[in-house]
Each structure stands twice: as structure tokens, then as C-alpha cells.
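K.L.:
Structure supplied as coords.tsv; contents: TSV, C-alpha atoms.
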chain	number	residue	atom	x	y	z
A	36	MET	CA	-90.85	-21.99	36.29
A	37	ILE	CA	-87.51	-22.71	37.89
A	38	ALA	CA	-85.77	-22.63	34.51
A	39	ASN	CA	-87.31	-19.28	33.71
A	40	ALA	CA	-86.30	-17.90	37.13
A	41	PHE	CA	-82.79	-19.21	36.54
A	42	LEU	CA	-82.56	-17.43	33.18
A	43	LEU	CA	-83.83	-14.21	34.73
A	44	ALA	CA	-81.21	-14.51	37.46
A	45	LEU	CA	-78.43	-14.97	34.88
A	46	ARG	CA	-79.70	-11.96	32.91
A	47	GLU	CA	-79.72	-9.78	36.02
A	48	ILE	CA	-76.19	-10.90	36.95
A	49	ARG	CA	-75.00	-10.16	33.40
A	50	ASN	CA	-76.54	-6.69	33.50
A	51	ASN	CA	-74.73	-5.91	36.76
A	52	LEU	CA	-71.61	-7.97	36.22
A	53	MET	CA	-69.18	-5.87	38.27
A	54	ARG	CA	-71.53	-5.68	41.23
A	55	ALA	CA	-72.16	-9.43	41.10
A	56	ALA	CA	-68.43	-10.13	40.91
A	57	LEU	CA	-67.68	-7.98	43.95
A	58	THR	CA	-70.63	-9.53	45.78
A	59	THR	CA	-69.38	-13.07	45.26
A	60	LEU	CA	-65.78	-12.17	46.16
A	61	GLY	CA	-66.33	-13.02	49.82
A	62	ILE	CA	-67.73	-16.44	48.88
A	63	ILE	CA	-64.81	-17.07	46.50
A	64	ILE	CA	-62.21	-16.18	49.12
A	65	GLY	CA	-63.98	-18.16	51.84
A	66	VAL	CA	-64.41	-21.36	49.81
A	67	ALA	CA	-60.87	-21.15	48.38
A	68	ALA	CA	-59.36	-20.58	51.83
A	69	VAL	CA	-61.27	-23.45	53.44
A	70	ILE	CA	-60.36	-25.90	50.66
A	71	ALA	CA	-56.71	-24.78	50.70
A	72	MET	CA	-56.46	-25.11	54.49
A	73	VAL	CA	-58.05	-28.56	54.57
A	74	SER	CA	-56.04	-29.82	51.57
A	75	LEU	CA	-52.70	-28.54	52.90
A	76	GLY	CA	-53.47	-29.82	56.39
A	77	THR	CA	-54.24	-33.27	54.99
A	78	ALA	CA	-51.13	-33.13	52.80
A	79	ALA	CA	-48.95	-32.19	55.77
A	80	THR	CA	-50.42	-35.01	57.86
A	81	LYS	CA	-49.88	-37.54	55.10
A	82	GLY	CA	-46.35	-36.27	54.46
A	83	VAL	CA	-45.32	-36.55	58.10
A	84	THR	CA	-46.93	-39.95	58.63
A	85	THR	CA	-45.31	-41.23	55.42
A	86	GLU	CA	-42.01	-39.84	56.65
A	87	ILE	CA	-42.38	-41.70	59.94
A	88	ALA	CA	-43.41	-44.87	58.11
A	89	ASN	CA	-40.32	-44.58	55.89
A	90	MET	CA	-38.17	-44.74	59.02
A	91	GLY	CA	-39.31	-48.32	59.46
A	92	ARG	CA	-42.35	-50.48	60.06
A	93	ASN	CA	-43.65	-51.09	63.59
A	94	LEU	CA	-40.55	-49.29	64.81
A	95	LEU	CA	-39.47	-48.54	68.37
A	96	VAL	CA	-36.48	-46.24	68.87
A	97	ILE	CA	-34.52	-46.45	72.12
A	98	ILE	CA	-32.28	-43.50	72.95
A	99	PRO	CA	-30.23	-42.67	76.06
A	100	GLY	CA	-31.51	-39.80	78.19
A	101	THR	CA	-35.13	-38.68	78.46
A	102	ARG	CA	-37.28	-35.84	77.16
A	103	ARG	CA	-39.20	-35.63	80.44
A	104	GLY	CA	-36.37	-34.26	82.55
A	105	PRO	CA	-32.61	-34.15	83.07
A	106	PRO	CA	-30.97	-37.52	82.36
A	107	VAL	CA	-30.02	-39.62	85.37
A	108	GLY	CA	-26.70	-41.23	84.45
A	109	ALA	CA	-27.64	-41.33	80.76
A	110	THR	CA	-24.74	-43.45	79.56
A	111	PRO	CA	-24.75	-44.70	75.97
A	112	PHE	CA	-25.90	-48.20	75.11
A	113	THR	CA	-23.68	-51.08	74.05
A	114	VAL	CA	-23.97	-53.81	71.45
A	115	ALA	CA	-24.61	-56.20	74.35
A	116	ASP	CA	-27.82	-54.30	75.13
A	117	ALA	CA	-29.08	-54.88	71.59
A	118	ASP	CA	-28.09	-58.56	71.80
A	119	ALA	CA	-30.02	-58.91	75.07
A	120	ILE	CA	-33.12	-57.38	73.49
A	121	ALA	CA	-32.95	-59.74	70.51
A	122	ARG	CA	-32.41	-62.71	72.84
A	123	GLU	CA	-34.98	-62.03	75.55
A	124	ILE	CA	-37.95	-60.35	73.84
A	125	PRO	CA	-40.02	-62.46	71.44
A	126	GLY	CA	-41.93	-61.21	68.40
A	127	LEU	CA	-39.22	-58.98	66.95
A	128	ALA	CA	-38.43	-58.63	63.26
A	129	ALA	CA	-35.09	-56.86	63.79
A	130	VAL	CA	-32.90	-55.28	66.46
A	131	ALA	CA	-30.29	-52.86	65.13
A	132	PRO	CA	-27.73	-51.03	67.29
A	133	GLU	CA	-26.65	-47.79	65.66
A	134	THR	CA	-23.83	-45.30	66.01
A	135	GLU	CA	-23.43	-42.32	63.70
A	136	GLN	CA	-20.50	-40.18	62.71
A	137	SER	CA	-20.06	-37.36	60.22
A	138	ALA	CA	-17.30	-37.92	57.68
A	139	ILE	CA	-15.88	-36.62	54.43
A	140	ALA	CA	-16.30	-39.20	51.68
A	141	VAL	CA	-13.63	-38.97	48.95
A	142	ASN	CA	-13.26	-40.64	45.58
A	143	GLY	CA	-10.44	-39.34	43.44
A	144	SER	CA	-10.85	-35.58	43.12
A	145	LYS	CA	-14.46	-35.64	44.36
A	146	ASN	CA	-15.47	-35.27	47.99
A	147	HIS	CA	-18.76	-35.06	49.85
A	148	SER	CA	-19.71	-34.51	53.49
A	149	THR	CA	-22.07	-37.26	54.62
A	150	GLN	CA	-23.37	-39.24	57.59
A	151	VAL	CA	-21.90	-42.65	58.34
A	152	THR	CA	-24.18	-45.12	60.13
A	153	GLY	CA	-22.57	-48.06	61.87
A	154	SER	CA	-24.87	-51.04	62.40
A	155	THR	CA	-25.60	-54.64	61.46
A	156	ASN	CA	-27.67	-56.08	58.61
A	157	ALA	CA	-30.70	-55.71	60.87
A	158	VAL	CA	-30.69	-51.97	60.15
A	159	PHE	CA	-31.87	-52.62	56.59
A	160	THR	CA	-34.99	-54.36	57.94
A	161	ALA	CA	-35.58	-51.92	60.81
A	162	ARG	CA	-35.28	-48.79	58.63
A	163	ASP	CA	-36.97	-50.38	55.62
A	164	TRP	CA	-33.88	-49.86	53.47
A	165	HIS	CA	-33.62	-52.01	50.34
A	166	ILE	CA	-30.32	-52.83	48.67
A	167	LEU	CA	-30.76	-52.06	44.98
A	168	GLU	CA	-27.40	-53.44	43.85
A	169	GLY	CA	-24.67	-55.43	45.56
A	170	ARG	CA	-25.05	-57.24	48.88
A	171	PRO	CA	-25.32	-56.71	52.64
A	172	PHE	CA	-22.49	-57.39	55.11
A	173	THR	CA	-21.26	-60.91	55.81
A	174	LEU	CA	-21.07	-62.18	59.38
A	175	GLY	CA	-17.27	-62.14	59.15
A	176	GLU	CA	-17.23	-58.51	58.03
A	177	ILE	CA	-19.45	-57.51	60.95
A	178	ARG	CA	-17.40	-59.38	63.53
A	179	SER	CA	-14.02	-58.24	62.24
A	180	GLY	CA	-15.09	-54.66	61.58
A	181	LYS	CA	-13.94	-54.75	57.99
A	182	ALA	CA	-14.08	-51.44	56.16
A	183	VAL	CA	-16.89	-52.21	53.73
A	184	CYS	CA	-19.91	-50.00	53.09
A	185	VAL	CA	-23.32	-49.73	51.49
A	186	ILE	CA	-23.98	-46.24	50.14
A	187	GLY	CA	-27.06	-44.14	49.34
A	188	GLU	CA	-27.96	-42.71	45.94
A	189	THR	CA	-26.77	-39.18	46.81
A	190	VAL	CA	-23.32	-40.43	47.82
A	191	ARG	CA	-23.10	-42.45	44.61
A	192	ARG	CA	-24.07	-39.44	42.50
A	193	GLU	CA	-21.65	-37.08	44.24
A	194	LEU	CA	-18.65	-39.42	44.17
A	195	PHE	CA	-19.16	-41.79	41.24
A	196	GLY	CA	-21.50	-39.92	38.89
A	197	ALA	CA	-23.43	-42.36	36.71
A	198	ALA	CA	-20.85	-45.13	37.14
A	199	ASN	CA	-21.57	-48.34	39.04
A	200	PRO	CA	-19.88	-47.99	42.46
A	201	ILE	CA	-20.01	-51.70	43.39
A	202	GLY	CA	-16.49	-53.00	43.91
A	203	GLU	CA	-14.96	-49.51	43.91
A	204	LYS	CA	-13.03	-47.94	46.77
A	205	MET	CA	-13.76	-44.66	48.53
A	206	ARG	CA	-12.25	-42.93	51.54
A	207	LEU	CA	-14.09	-41.92	54.70
A	208	ASN	CA	-11.85	-39.37	56.40
A	209	LYS	CA	-8.59	-41.37	56.40
A	210	ILE	CA	-10.13	-44.84	56.10
A	211	SER	CA	-10.28	-46.70	52.80
A	212	CYS	CA	-13.61	-48.45	52.31
A	213	ASP	CA	-14.85	-51.00	49.74
A	214	VAL	CA	-18.31	-50.28	48.33
A	215	ILE	CA	-20.32	-53.52	48.37
A	216	GLY	CA	-23.89	-52.23	47.98
A	217	LEU	CA	-26.15	-49.42	46.79
A	218	LEU	CA	-29.37	-48.52	48.60
A	219	GLN	CA	-32.63	-47.95	46.77
A	220	SER	CA	-33.44	-44.24	46.63
A	221	LYS	CA	-35.98	-42.79	49.08
A	222	GLY	CA	-35.69	-39.15	48.05
A	223	GLN	CA	-36.10	-36.08	50.20
A	224	SER	CA	-38.12	-36.23	53.38
A	225	THR	CA	-40.99	-33.90	54.33
A	226	PHE	CA	-38.59	-31.99	56.59
A	227	GLY	CA	-36.15	-31.40	53.73
A	228	GLN	CA	-33.65	-34.06	54.79
A	229	ASP	CA	-31.97	-36.10	52.06
A	230	GLN	CA	-32.67	-39.72	52.99
A	231	ASP	CA	-30.16	-40.97	50.39
A	232	ASP	CA	-27.20	-39.09	51.84
A	233	VAL	CA	-25.94	-42.00	53.95
A	234	VAL	CA	-23.14	-44.53	54.21
A	235	VAL	CA	-23.75	-47.75	56.16
A	236	MET	CA	-20.80	-49.69	57.63
A	237	PRO	CA	-20.42	-52.53	60.15
A	238	ILE	CA	-20.84	-51.03	63.60
A	239	SER	CA	-17.51	-52.33	64.90
A	240	ALA	CA	-15.70	-50.62	61.99
A	241	VAL	CA	-17.33	-47.25	62.76
A	242	GLN	CA	-16.70	-47.60	66.50
A	243	ARG	CA	-13.00	-48.46	66.16
A	244	ARG	CA	-11.98	-46.47	63.09
A	245	LEU	CA	-14.19	-43.36	63.16
A	246	ALA	CA	-15.72	-42.88	66.62
A	247	GLY	CA	-12.89	-44.28	68.76
A	248	ASN	CA	-15.28	-45.83	71.30
A	249	THR	CA	-17.78	-48.66	71.72
A	250	ASN	CA	-20.86	-46.47	72.27
A	251	VAL	CA	-24.22	-47.24	70.71
A	252	ASN	CA	-26.27	-44.06	70.27
A	253	VAL	CA	-29.58	-45.62	69.26
A	254	ILE	CA	-31.17	-49.06	69.26
A	255	LEU	CA	-33.86	-49.69	66.64
A	256	VAL	CA	-36.40	-52.40	67.41
A	257	SER	CA	-38.87	-53.53	64.74
A	258	ALA	CA	-41.87	-55.63	65.80
A	259	GLN	CA	-43.23	-58.39	63.59
A	260	ASN	CA	-46.83	-57.45	64.34
A	261	ALA	CA	-48.14	-53.89	64.66
A	262	ASN	CA	-50.59	-54.99	67.36
A	263	ASP	CA	-47.70	-56.08	69.60
A	264	VAL	CA	-45.85	-52.75	69.55
A	265	SER	CA	-47.28	-51.37	72.81
A	266	HIS	CA	-46.69	-54.69	74.62
A	267	ILE	CA	-43.12	-54.89	73.32
A	268	LYS	CA	-42.53	-51.29	74.41
A	269	GLY	CA	-43.39	-52.25	78.01
A	270	GLN	CA	-41.05	-55.24	77.84
A	271	LEU	CA	-38.25	-53.06	76.48
A	272	GLU	CA	-38.65	-50.54	79.29
A	273	ARG	CA	-38.48	-53.26	81.94
A	274	LEU	CA	-35.47	-54.94	80.32
A	275	MET	CA	-33.53	-51.71	79.88
A	276	ARG	CA	-34.18	-50.66	83.48
A	277	GLU	CA	-32.82	-54.01	84.58
A	278	ARG	CA	-29.73	-53.78	82.37
A	279	ARG	CA	-29.04	-50.18	83.44
A	280	HIS	CA	-29.48	-51.14	87.12
A	281	LEU	CA	-32.28	-48.68	87.86
A	282	VAL	CA	-33.96	-49.41	91.18
A	283	ALA	CA	-37.59	-48.66	92.01
A	284	GLY	CA	-38.26	-44.95	92.42
A	285	VAL	CA	-35.42	-43.89	90.13
A	286	GLY	CA	-36.51	-42.36	86.82
A	287	ASP	CA	-35.58	-43.79	83.46
A	288	ASN	CA	-32.37	-42.61	81.86
A	289	PHE	CA	-33.54	-43.70	78.43
A	290	ASP	CA	-36.57	-43.24	76.17
A	291	VAL	CA	-38.47	-45.83	74.15
A	292	ASN	CA	-40.21	-43.93	71.35
A	293	ASP	CA	-43.12	-45.60	69.58
A	294	MET	CA	-43.19	-44.21	66.03
A	295	GLN	CA	-46.85	-45.21	65.64
A	296	GLU	CA	-47.71	-43.16	68.72
A	297	ILE	CA	-45.77	-40.20	67.35
A	298	ALA	CA	-47.62	-40.54	64.04
A	299	ARG	CA	-50.98	-40.53	65.84
A	300	THR	CA	-49.97	-37.46	67.85
A	301	VAL	CA	-48.95	-35.64	64.67
A	302	GLU	CA	-52.24	-36.58	62.99
A	303	SER	CA	-54.36	-35.30	65.88
A	304	THR	CA	-52.31	-32.09	66.17
A	305	THR	CA	-52.50	-31.27	62.48
A	306	ALA	CA	-56.22	-32.13	62.43
A	307	ILE	CA	-56.91	-29.65	65.25
A	308	LEU	CA	-54.78	-26.97	63.59
A	309	THR	CA	-56.45	-27.56	60.22
A	310	ALA	CA	-59.92	-27.32	61.78
A	311	PHE	CA	-58.98	-24.07	63.53
A	312	LEU	CA	-57.56	-22.47	60.38
A	313	SER	CA	-60.56	-23.66	58.35
A	314	ALA	CA	-62.93	-22.11	60.88
A	315	VAL	CA	-61.06	-18.81	60.61
A	316	ALA	CA	-61.19	-19.00	56.82
A	317	ALA	CA	-64.93	-19.80	56.94
A	318	VAL	CA	-65.55	-16.35	58.43
A	319	SER	CA	-65.09	-15.06	54.87
A	320	LEU	CA	-68.16	-17.09	53.88
A	321	LEU	CA	-70.19	-15.29	56.51
A	322	VAL	CA	-68.92	-11.94	55.25
A	323	GLY	CA	-69.74	-13.02	51.69
A	324	GLY	CA	-73.26	-13.99	52.74
A	325	ILE	CA	-73.84	-10.61	54.33
A	326	GLY	CA	-72.62	-9.00	51.11
A	327	ILE	CA	-75.12	-11.03	49.09
A	328	MET	CA	-77.95	-9.99	51.43
A	329	ASN	CA	-76.96	-6.35	51.15
A	330	VAL	CA	-76.82	-6.39	47.35
A	331	MET	CA	-80.09	-8.28	47.08
A	332	LEU	CA	-81.82	-5.72	49.31
A	333	VAL	CA	-80.50	-2.95	47.06
A	334	SER	CA	-81.65	-4.92	44.03
A	335	VAL	CA	-85.17	-5.25	45.47
A	336	THR	CA	-85.29	-1.49	46.01
A	337	GLU	CA	-84.03	-0.77	42.48
A	338	ARG	CA	-86.48	-3.20	40.87
A	339	THR	CA	-89.58	-2.32	42.88
A	340	ARG	CA	-91.47	-1.09	39.83
A	341	GLU	CA	-90.48	-4.24	37.88
A	342	ILE	CA	-91.76	-6.40	40.73
A	343	GLY	CA	-95.03	-4.43	40.80
A	344	ILE	CA	-95.56	-4.97	37.06
A	345	ARG	CA	-94.95	-8.72	37.44
A	346	LEU	CA	-97.40	-8.97	40.31
A	347	ALA	CA	-99.99	-6.84	38.43
A	348	ILE	CA	-99.96	-9.08	35.34
A	349	GLY	CA	-100.51	-12.25	37.33
A	350	ALA	CA	-97.23	-13.36	38.91
A	351	ARG	CA	-97.70	-14.92	42.29
A	352	ALA	CA	-95.77	-13.91	45.40
A	353	ARG	CA	-93.96	-17.26	45.43
A	354	ASP	CA	-92.80	-16.66	41.82
A	355	VAL	CA	-91.14	-13.41	42.90
A	356	LEU	CA	-89.71	-15.12	46.00
A	357	LEU	CA	-88.30	-17.92	43.84
A	358	GLN	CA	-86.79	-15.46	41.34
A	359	PHE	CA	-84.82	-13.51	43.92
A	360	LEU	CA	-83.89	-16.62	45.90
A	361	ILE	CA	-82.50	-18.34	42.80
A	362	GLU	CA	-80.59	-15.17	41.93
A	363	ALA	CA	-78.89	-15.24	45.36
A	364	VAL	CA	-78.16	-18.97	45.07
A	365	VAL	CA	-76.72	-18.55	41.55
A	366	MET	CA	-74.35	-15.81	42.74
A	367	SER	CA	-73.19	-17.79	45.75
A	368	GLY	CA	-72.98	-21.00	43.68
A	369	LEU	CA	-70.83	-19.35	41.02
A	370	GLY	CA	-68.62	-17.94	43.77
A	371	GLY	CA	-68.36	-21.41	45.27
A	372	ILE	CA	-67.31	-22.99	41.95
A	373	ILE	CA	-64.69	-20.32	41.31
A	374	GLY	CA	-63.48	-20.67	44.91
A	375	ILE	CA	-63.15	-24.44	44.50
A	376	ILE	CA	-61.03	-24.02	41.36
A	377	ILE	CA	-58.80	-21.43	43.04
A	378	GLY	CA	-58.57	-23.46	46.27
A	379	LEU	CA	-57.61	-26.72	44.55
A	380	SER	CA	-55.11	-25.15	42.15
A	381	GLY	CA	-53.59	-23.04	44.95
A	382	SER	CA	-53.23	-25.97	47.36
A	383	ALA	CA	-51.76	-28.17	44.61
A	384	THR	CA	-49.21	-25.47	43.78
A	385	ALA	CA	-48.35	-24.92	47.45
A	386	ALA	CA	-48.01	-28.67	48.02
A	387	HIS	CA	-45.63	-28.89	45.06
A	388	PHE	CA	-43.35	-26.13	46.37
A	389	LEU	CA	-43.53	-27.45	49.95
A	390	LYS	CA	-42.77	-30.96	48.63
A	391	LEU	CA	-45.93	-32.37	50.20
A	392	PRO	CA	-48.17	-35.03	48.63
A	393	PHE	CA	-51.29	-33.35	47.22
A	394	VAL	CA	-54.42	-35.12	48.46
A	395	PHE	CA	-57.67	-34.49	46.56
A	396	GLN	CA	-60.68	-34.76	48.86
A	397	PRO	CA	-63.97	-34.88	46.96
A	398	GLY	CA	-65.90	-34.71	50.24
A	399	VAL	CA	-64.52	-31.24	50.98
A	400	VAL	CA	-65.45	-30.06	47.48
A	401	ILE	CA	-69.02	-31.35	47.84
A	402	VAL	CA	-69.37	-29.72	51.25
A	403	ALA	CA	-68.00	-26.44	49.84
A	404	VAL	CA	-70.58	-26.46	47.00
A	405	LEU	CA	-73.46	-27.25	49.36
A	406	PHE	CA	-72.27	-24.70	51.90
A	407	SER	CA	-71.95	-21.91	49.35
A	408	ALA	CA	-75.43	-22.70	48.00
A	409	GLY	CA	-76.71	-22.77	51.57
A	410	VAL	CA	-75.23	-19.33	52.16
A	411	GLY	CA	-77.16	-18.07	49.13
A	412	VAL	CA	-80.43	-19.53	50.45
A	413	ALA	CA	-79.88	-18.32	54.02
A	414	PHE	CA	-78.86	-14.76	53.16
A	415	GLY	CA	-81.02	-14.44	50.05
A	416	TYR	CA	-84.28	-15.50	51.68
A	417	PHE	CA	-84.96	-12.25	53.56
A	418	PRO	CA	-84.55	-9.95	50.51
A	419	ALA	CA	-86.56	-12.40	48.37
A	420	ARG	CA	-89.33	-12.52	51.01
A	421	ARG	CA	-89.37	-8.74	51.14
A	422	ALA	CA	-89.76	-8.56	47.36
A	423	ALA	CA	-92.57	-11.14	47.39
A	424	ARG	CA	-94.51	-9.17	50.03
A	425	LEU	CA	-94.53	-5.90	48.08
A	426	ASP	CA	-97.98	-4.47	47.40
A	427	PRO	CA	-98.45	-4.32	43.61
A	428	ILE	CA	-100.16	-0.91	43.68
A	429	GLU	CA	-97.51	0.65	45.90
A	430	ALA	CA	-94.78	-0.95	43.82
A	431	LEU	CA	-96.22	0.52	40.58
A	432	ARG	CA	-96.24	3.99	42.17
A	433	HIS	CA	-92.55	3.65	43.10
A	434	GLU	CA	-90.22	5.96	41.17
Please render this file's structure as C-alpha cells.

P.N.:
Amino acid sequence: MIANAFLLALREIRNNLMRAALTTLGIIIGVAAVIAMVSLGTAATKGVTTEIANMGRNLLVIIPGTRRGPPVGATPFTVADADAIAREIPGLAAVAPETEQSAIAVNGSKNHSTQVTGSTNAVFTARDWHILEGRPFTLGEIRSGKAVCVIGETVRRELFGAANPIGEKMRLNKISCDVIGLLQSKGQSTFGQDQDDVVVMPISAVQRRLAGNTNVNVILVSAQNANDVSHIKGQLERLMRERRHLVAGVGDNFDVNDMQEIARTVESTTAILTAFLSAVAAVSLLVGGIGIMNVMLVSVTERTREIGIRLAIGARARDVLLQFLIEAVVMSGLGGIIGIIIGLSGSATAAHFLKLPFVFQPGVVIVAVLFSAGVGVAFGYFPARRAARLDPIEALRHE
């Protein structure tokens, strides 16, 4: 019975192909839009959280000044502040003072504008940087501020081409620097920043030879255990207030940023935005359902005599109800399948151009199929019920 009703539904759709296509257009657009919104929202969330994770594991970033108001005596940090943190707070994997300067890197006739990061070997642990070739700094190089550097893949490509840069010399502004290491490539970030466009030098070398001061712009603190991050954050705030001589009642002139907390905030924000956009896109499904109801009502009117003949030769009312209900479900189901294909291919293409990781979510696809079929049942039931309740004699008289 169901198989026969299904075949009749397909025959009717084939006979009125253009009308069926236009009827299912709302379902196609709605399903495709919902899948695209959810997929891109998930991709954006994953991209940002991966980006934050690439900055370092269990990372806390201490910066002078505060986002909550005007800084109160927001003086830069010093290397002594980083040493105090490493000495007085237990459970840390790395403490890396950082200072950054822009510089022109030169090798022969080639030059490239890049960012120079001055720090210690702890920065490789804190930022999850891996040295692919060469070595990190020695203790003597850090203490003396020797002009040695570890470079990123972009700097190597721009200055040395395919050649091995280890042991070669390059110039940073007017300073000659020995290349002792090459960082493993991380590629481009979600925000379009080249993570390989970096030169790392001992912090004392950058302070004396490039910056001309002893300022530390950022202190990176990496916890050994992710569960201890919030506790360590509290300890850092107390220690930094003490070292910066802030009395009770005076606001902080520094910020301790928990990257895990930022990641959670981003996840919740993108989830809310994705849900909102998906709800807006789902309105198309409602419009598509109304379109199916309208066309099915027209179809009942057009096929009144056919319905009367079926009822007169022995078809039951539930057979007619099932026929028209299956026809509505088939139209909405086909629209849902086409919408899924368009939604997945469109979101994959958009993710590629936006440089986001495409995340396939089978749960969303299943929900989309069930929802589109549900729309067919919900909006097809009334026309089908109307057809089933037709009086056979009156239907046969219909012209």
C-alpha cells in the first residue's frame, strides 16, 4: 500500500515537475541555510579555539594596563618580575618575559619586514613553538645578549629561499645576527596572521640593540596542569599587585588574561550567534511548508474527480489520506536532500575560502532530514485530510 502510494506520488511530481520544484524551493533554501549557518559557526568556533590553543597550552598572558578602565601607572614589566613569578609560584611549566620590535631582516640583496621577539628559551614552551632544525639559546647567549636568532619558516623562505639557514648570518636593521635555529611551521592563523613570520632573539639582545630599554611588554605563564590555571591566575594577581606596590582600594594596572577563559567566551558567543542565524534561516522552512500546503490544496481541487473515482471503486478514505500525505512528504524530503547537498558543499567552499576548518556534523544532517519530512507531514496533513473526506458522489460530479 505504502509502496503504491509512493509510486503514485512520484508520478504526480513527475507530471508537474516545475510546480513541484518551485514548491520545494523554500525547503531547499531553508535546509541549506540552516546547515551552512551551523557548519560555518562550528568551523569558526573550532578555528578560533585552535588559534588560541596554538598560542600555548594552559597559557596566562600578563600585560601592563587594563581593559576595564584607564591604566593607573601602567609601567612596563621587567625581567625581574618574570623571575619572581618563576621563583614564587609553584606548578608552572614556563615563564617567558617578552619584548617585541619591528625590524627589517636583510640577507644579501633580499629583505623582509618582520617581528622580532626577545625572550628566553621558556618562550618555546609557553607558545608551543618547536625548533625543527638547529638549537635553542645557551645560557651564556641569554645572559650576554649575544646576537643569535631562531627564525620562522616565512623569514627563511623570504631571505634564504630553499637553502638551510642554520649557521648563516642575517641583519636585523643594523645588527648582524647568527641564525642558530628554524621553527616548525604553524601556518596562517584564523585571523589571517602569518604565525611563521617571526624572529626570536635573547631578550637582553633585543632590549639593548633594538629597543634601547629594559622594558618587558608581556609575560607569558604556562601552567603544568590545566586544572590549576584559575588558581595560578589568582596567585599571579596577588604577586603582581605586591611587586607593583598597589595598596588596597587601588585598581590593577595590569591584566592577567586566561586563554582558556577567552576560548570559552568565544565558544559561547559563536554558539549564540549561530543559533540566532540558524533560527532566522529556519523561517524559510516555514515558508516552504506553507508553499507545500498551498500546492497540495490546489492539487486536491484539480484531482477531485480522480479522488471520487478511487473512492467509488473501493479505495478507503485512509488510502486517499496516505496518498496525499506521502506526496507532501516526498516533496519536502527531496527538498531536504537537495538542501543538505547544497548546504554542505556551500559551507565547505566558504570554509575553504575563509581558511576555516570544515567540520562535518552528521547530527545536523539527520535533524535536517527529519525536520524537512516533519514539515511535509505537518503541512500536508490538512490537504490530505480534506481529500480523504470528499464525498464520492459529489467528487464524481465535479468538473

K.L.:
Please, which residues are within 6 Å of (-22.9, -47.7, 49.3) by the file's coordinates, counting all atoms listed in the file, and could they come as a ChimeraX atom specification?

P.N.:
/A:184-187,214,216-217,234

K.L.:
Include C-alpha atoms and write out the residues we just selected as a PDB file, in the frame of the given file.

P.N.:
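Output contents, as saved in again20.pdb:
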ATOM      1  CA  CYS A 184     -19.910 -50.000  53.090  1.00  0.00           C
ATOM      2  CA  VAL A 185     -23.320 -49.730  51.490  1.00  0.00           C
ATOM      3  CA  ILE A 186     -23.980 -46.240  50.140  1.00  0.00           C
ATOM      4  CA  GLY A 187     -27.060 -44.140  49.340  1.00  0.00           C
ATOM      5  CA  VAL A 214     -18.310 -50.280  48.330  1.00  0.00           C
ATOM      6  CA  GLY A 216     -23.890 -52.230  47.980  1.00  0.00           C
ATOM      7  CA  LEU A 217     -26.150 -49.420  46.790  1.00  0.00           C
ATOM      8  CA  VAL A 234     -23.140 -44.530  54.210  1.00  0.00           C
TER       9      VAL A 234
END

K.L.:
CA of Ala317 in chain A to CA of Phe395 in chain A: how many Å, to one decimal?

P.N.:
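CA of Phe395 in chain A lies at a distance of 19.4 Å from CA of Ala317 in chain A.
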
K.L.:
Name the residues, using the chain letters and numbers of the file, that sit within 9 Å of (-21.5, -37.0, 53.8) when counting all atoms listed in the file, and give them as a list in words.

P.N.:
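In the file's frame, the residues around the point are Ser137, Ala138, Ile139, Ala140, Asn146, His147, Ser148, Thr149, Gln150, Val151, Val190, Leu207, Asp232, Val233 and Val234 of chain A.
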
K.L.:
Which residue, A:Gln270, A:Asn262, A:Thr134, A:Thr189, has the smallest gap to Gly247 in chain A when you use only C-alpha atoms?

P.N.:
A:Thr134

K.L.:
So which residues touch Ala310 in chain A within 9 Å, counting all atoms listed in the file, skipping near sequence neighbours fewer than 6 positions away, as a ChimeraX atom specification?

P.N.:
/A:72-73,76

K.L.:
One decimal, Å: what's the distance from CA of Ala67 in chain A over to CA of Met331 in chain A, could you say?

P.N.:
23.2 Å

K.L.:
Quick one: pull the distance between CA of Lys145 in chain A and CA of Phe195 in chain A, Å, one decimal.

P.N.:
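It comes out at 8.3 Å.
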
K.L.:
A:Leu321, A:Leu255, A:Ala363, A:Leu281: which is nearest Ala128 in chain A, counting only C-alpha atoms?

P.N.:
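Going through A:Leu321, A:Leu255, A:Ala363, A:Leu281 one by one, the smallest distance to Ala128 in chain A is for A:Leu255.
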
K.L.:
I'd like to know which of A:Thr77, A:Val400, A:Leu357, A:Val291 is closest to Ser265 in chain A, using only C-alpha atoms.

P.N.:
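Smallest distance to Ser265 in chain A is found for A:Val291.
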
K.L.:
Any chance you could work out the axis-aligned box around range 139-146 of chain A, listed atoms only, 6 Å on each side, giving centre and edge lengths in Å to one decimal, as AutoDock Vina command-line options?

P.N.:
--center_x -13.4 --center_y -38.0 --center_z 48.8 --size_x 17.9 --size_y 17.4 --size_z 23.3

K.L.:
From the list A:Thr59, A:Gln230, A:Gln295, A:Asn208, which residue is nearest Gly324 in chain A when using all atoms listed in the file?

P.N.:
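Going through A:Thr59, A:Gln230, A:Gln295, A:Asn208 one by one, the smallest distance to Gly324 in chain A is for A:Thr59.
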
K.L.:
Find the spatial neighbours of Val410 in chain A, counting only C-alpha atoms, within a cut-off of 12 Å - ignore same-chain residues fewer than 6 positions away - and output them as a PyMOL selection string.

P.N.:
chain A and resi 59+61-62+65-66+317-328+360-361+363-371+402-404+416

K.L.:
Take the residues just selected and output them with C-alpha atoms as a compact mmCIF listing (two decimals), in the coordinates of the input.

P.N.:
# COMPACT_ATOMS: atom_id res chain seq x y z
CA THR A 59 -69.38 -13.07 45.26
CA GLY A 61 -66.33 -13.02 49.82
CA ILE A 62 -67.73 -16.44 48.88
CA GLY A 65 -63.98 -18.16 51.84
CA VAL A 66 -64.41 -21.36 49.81
CA ALA A 317 -64.93 -19.80 56.94
CA VAL A 318 -65.55 -16.35 58.43
CA SER A 319 -65.09 -15.06 54.87
CA LEU A 320 -68.16 -17.09 53.88
CA LEU A 321 -70.19 -15.29 56.51
CA VAL A 322 -68.92 -11.94 55.25
CA GLY A 323 -69.74 -13.02 51.69
CA GLY A 324 -73.26 -13.99 52.74
CA ILE A 325 -73.84 -10.61 54.33
CA GLY A 326 -72.62 -9.00 51.11
CA ILE A 327 -75.12 -11.03 49.09
CA MET A 328 -77.95 -9.99 51.43
CA LEU A 360 -83.89 -16.62 45.90
CA ILE A 361 -82.50 -18.34 42.80
CA ALA A 363 -78.89 -15.24 45.36
CA VAL A 364 -78.16 -18.97 45.07
CA VAL A 365 -76.72 -18.55 41.55
CA MET A 366 -74.35 -15.81 42.74
CA SER A 367 -73.19 -17.79 45.75
CA GLY A 368 -72.98 -21.00 43.68
CA LEU A 369 -70.83 -19.35 41.02
CA GLY A 370 -68.62 -17.94 43.77
CA GLY A 371 -68.36 -21.41 45.27
CA VAL A 402 -69.37 -29.72 51.25
CA ALA A 403 -68.00 -26.44 49.84
CA VAL A 404 -70.58 -26.46 47.00
CA TYR A 416 -84.28 -15.50 51.68
